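Okay, structure first, notes after.
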Amino acid sequence: MAIEKTFSIIKPDAVENNHVGKIIAHFQEVGLKPVALRMQHLSKSEAEGFYAVHSERPFFGELVEFMTRSAVVLMVLEGENAVAKNREVMGATNPAEAAEGTIRKMFAKSIGENSVHGSDSQENAAIEIAYFFRATEICTH
Ligand code: IDP
Ligand code: MG
């Protein structure tokens, strides 16, 4: 398996509920190492741009409203098979369907407010990392 990078967001619900430390510790325990990390309160245009792929979905307005409600933690995670590993430890989009022990099962309240974002492919990981981080901000050396 190859060492990959993926992009992760700890969403407003998890930051508001003081779950940042537990979520980062969980990533580290499964071999996903933060190599870039920043707390930021997203603007409407930043959230709309990030989720542009969902702009036609009925929940788009609600999603942007939620993601701009308060601060998030933006991270690049590195590790073996990082994209798939992150999706596995996040759990299903709807926490009601998420497996035991996953982040969404442990911390999320609803399909909208589901605590974490994770890239769904290596291609999207590269796009999402570049959306929020400069190459010089990624500490892999
Ligand atoms: P993912 O985050 O598991 O990749 P996506 O289908 O890419 O799920 O959806 C992006 C985000 O949009 C979800 O994480 C969630 O915050 C929100 N979302 C998805 N489906 C719904 C819905 O049916 N109602 C409200 N929000 C939703
Ligand atoms: Mg997605």
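In the structure tokens, chains take letters A, B, ... by order of appearance, with residues numbered from 1 within each chain and ligands from 1 in the order shown.
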- Message: Residues near A:Glu78, anyone? I mean within 9 Å using only C-alpha atoms, not counting same-chain ones fewer than 5 positions away, as an MDAnalysis selection string.
- Response: chainID A and resid 3:7 31:35 83 140
- Please identify every polymer residue within 9 Å of ligand 1, using only C-alpha atoms and all ligand atoms, and present the set as a VMD selection string. chain A and resid 11 51 53 to 54 57 to 60 62 to 64 66 to 67 87 90 to 94 110 to 120
- Task: Show which residues sit within 12 Å of A:His26, as number ranges by chain. Count only C-alpha atoms, and ignore same-chain residues fewer than 3 positions away.
- Result: A: 19-23, 29-34, 77, 85-86, 89-90, 101-104, 106-107
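Listed by chain and then by rising number, the residues of stretch 11-130 of chain A that DSSP assigns to strand (DSSP E) from the backbone are Lys33, Pro34, Val35, Ala36, Leu37, Arg38, Met39, Gln40, Val72, Val73, Leu74, Met75, Val76, Leu77, Glu78, Gly79, Glu80, Val116, His117 and Gly118 of chain A.
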- Task: May I ask which of the residues A:Ile9, A:Ala71, A:Ala99, A:Glu16 is the closest one to ligand 2, counting only C-alpha atoms and all ligand atoms?
- Result: A:Ile9
- Tell me which of A:Ile138, A:Ser8, A:Gly79, A:Met1 sits closest to A:Asn124, counting only C-alpha atoms.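 Closest residue, counting only C-alpha atoms: A:Ser8.
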- Message: Taking 6 positions as the minimum chain separation for residues in the same chain, which residues sit within 6 Å of A:Val73 when counting only C-alpha atoms? Answer as a list of chain:residue names.
- Response: A:Ile9, A:Ile10, A:Arg38, A:Met39
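For stretch 20-70 of chain A, backbone-based DSSP labels the following residues as helix (DSSP H, G or I): A:Val20, A:Gly21, A:Lys22, A:Ile23, A:Ile24, A:Ala25, A:His26, A:Phe27, A:Gln28, A:Glu29, A:Lys44, A:Ser45, A:Glu46, A:Ala47, A:Glu48, A:Gly49, A:Phe50, A:Ala52, A:Val53, A:His54, A:Phe60, A:Gly61, A:Glu62, A:Leu63, A:Val64, A:Glu65, A:Phe66, A:Met67.
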- Using only C-alpha atoms and all ligand atoms, the shortest atom-to-atom distance to ligand 2 among A:Glu46, A:Glu137, A:Glu100, A:Glu128 belongs to A:Glu128
- So which one's closest to A:Ala2, A:Glu80, A:Glu48, A:Glu56, A:Glu65? Using only C-alpha atoms, please.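 Among A:Glu80, A:Glu48, A:Glu56, A:Glu65, it is A:Glu80 that comes nearest to A:Ala2.
In this comparison, which uses only C-alpha atoms and all ligand atoms, the residue of A:Ala130, A:Ala82, A:Ala52, A:Ala96 approaching ligand 2 most closely is A:Ala52.
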Using only C-alpha atoms, which protein or nucleic acid residues come within 9 Å of stretch 133-135 of chain A? Drop anything in the same chain fewer than 4 positions from it, and give the result as a PDB file with all heavy atoms, in the first residue's frame.
ATOM      1  N   ALA A  36      -0.555  18.990   8.076  1.00  0.00           N
ATOM      2  CA  ALA A  36      -0.915  20.407   7.972  1.00  0.00           C
ATOM      3  C   ALA A  36      -2.206  20.554   8.748  1.00  0.00           C
ATOM      4  O   ALA A  36      -3.049  19.643   8.733  1.00  0.00           O
ATOM      5  CB  ALA A  36      -1.120  20.827   6.523  1.00  0.00           C
ATOM      6  N   LEU A  37      -2.346  21.691   9.444  1.00  0.00           N
ATOM      7  CA  LEU A  37      -3.506  21.836  10.329  1.00  0.00           C
ATOM      8  C   LEU A  37      -3.756  23.321  10.592  1.00  0.00           C
ATOM      9  O   LEU A  37      -2.831  24.058  10.885  1.00  0.00           O
ATOM     10  CB  LEU A  37      -3.192  21.102  11.634  1.00  0.00           C
ATOM     11  CG  LEU A  37      -4.269  20.919  12.692  1.00  0.00           C
ATOM     12  CD1 LEU A  37      -3.946  19.683  13.509  1.00  0.00           C
ATOM     13  CD2 LEU A  37      -4.347  22.132  13.601  1.00  0.00           C
ATOM     14  N   LEU A  74      -9.122  22.449   9.641  1.00  0.00           N
ATOM     15  CA  LEU A  74      -8.731  21.950   8.320  1.00  0.00           C
ATOM     16  C   LEU A  74      -7.435  21.173   8.483  1.00  0.00           C
ATOM     17  O   LEU A  74      -6.503  21.676   9.122  1.00  0.00           O
ATOM     18  CB  LEU A  74      -8.488  23.128   7.375  1.00  0.00           C
ATOM     19  CG  LEU A  74      -9.598  24.176   7.287  1.00  0.00           C
ATOM     20  CD1 LEU A  74      -9.096  25.409   6.530  1.00  0.00           C
ATOM     21  CD2 LEU A  74     -10.822  23.591   6.597  1.00  0.00           C
ATOM     22  N   MET A  75      -7.371  19.964   7.914  1.00  0.00           N
ATOM     23  CA  MET A  75      -6.157  19.153   8.085  1.00  0.00           C
ATOM     24  C   MET A  75      -5.801  18.382   6.825  1.00  0.00           C
ATOM     25  O   MET A  75      -6.693  17.915   6.105  1.00  0.00           O
ATOM     26  CB  MET A  75      -6.374  18.082   9.178  1.00  0.00           C
ATOM     27  CG  MET A  75      -6.443  18.599  10.581  1.00  0.00           C
ATOM     28  SD  MET A  75      -6.562  17.222  11.751  1.00  0.00           S
ATOM     29  CE  MET A  75      -8.246  16.690  11.409  1.00  0.00           C
ATOM     30  N   VAL A  76      -4.509  18.207   6.623  1.00  0.00           N
ATOM     31  CA  VAL A  76      -4.020  17.204   5.679  1.00  0.00           C
ATOM     32  C   VAL A  76      -3.538  16.038   6.528  1.00  0.00           C
ATOM     33  O   VAL A  76      -2.755  16.226   7.471  1.00  0.00           O
ATOM     34  CB  VAL A  76      -2.864  17.756   4.819  1.00  0.00           C
ATOM     35  CG1 VAL A  76      -2.352  16.668   3.875  1.00  0.00           C
ATOM     36  CG2 VAL A  76      -3.314  18.991   4.049  1.00  0.00           C
ATOM     37  N   GLU A 128      -8.788  19.230  -2.962  1.00  0.00           N
ATOM     38  CA  GLU A 128      -9.241  19.805  -1.685  1.00  0.00           C
ATOM     39  C   GLU A 128      -8.064  20.332  -0.857  1.00  0.00           C
ATOM     40  O   GLU A 128      -8.172  21.382  -0.206  1.00  0.00           O
ATOM     41  CB  GLU A 128     -10.045  18.753  -0.915  1.00  0.00           C
ATOM     42  CG  GLU A 128     -11.370  18.444  -1.605  1.00  0.00           C
ATOM     43  CD  GLU A 128     -12.141  17.297  -0.957  1.00  0.00           C
ATOM     44  OE1 GLU A 128     -11.660  16.717   0.035  1.00  0.00           O
ATOM     45  OE2 GLU A 128     -13.231  16.985  -1.461  1.00  0.00           O
ATOM     46  N   ILE A 129      -6.932  19.610  -0.868  1.00  0.00           N
ATOM     47  CA  ILE A 129      -5.744  20.092  -0.154  1.00  0.00           C
ATOM     48  C   ILE A 129      -5.314  21.438  -0.743  1.00  0.00           C
ATOM     49  O   ILE A 129      -5.070  22.401  -0.003  1.00  0.00           O
ATOM     50  CB  ILE A 129      -4.600  19.053  -0.231  1.00  0.00           C
ATOM     51  CG1 ILE A 129      -4.940  17.821   0.622  1.00  0.00           C
ATOM     52  CG2 ILE A 129      -3.267  19.670   0.216  1.00  0.00           C
ATOM     53  CD1 ILE A 129      -4.027  16.618   0.381  1.00  0.00           C
ATOM     54  N   CYS A 139       3.787  19.835   6.066  1.00  0.00           N
ATOM     55  CA  CYS A 139       5.046  19.575   6.786  1.00  0.00           C
ATOM     56  C   CYS A 139       5.440  18.109   6.697  1.00  0.00           C
ATOM     57  O   CYS A 139       5.357  17.366   7.681  1.00  0.00           O
ATOM     58  CB  CYS A 139       4.901  20.004   8.232  1.00  0.00           C
ATOM     59  SG  CYS A 139       4.392  21.723   8.374  1.00  0.00           S
TER      60      CYS A 139
END
- Query: Looking at only C-alpha atoms and all ligand atoms, which of A:Asn18, A:Gln28, A:Ser70, A:Ser121 is the one that sits closest to ligand 2?
  - Reply: A:Ser121
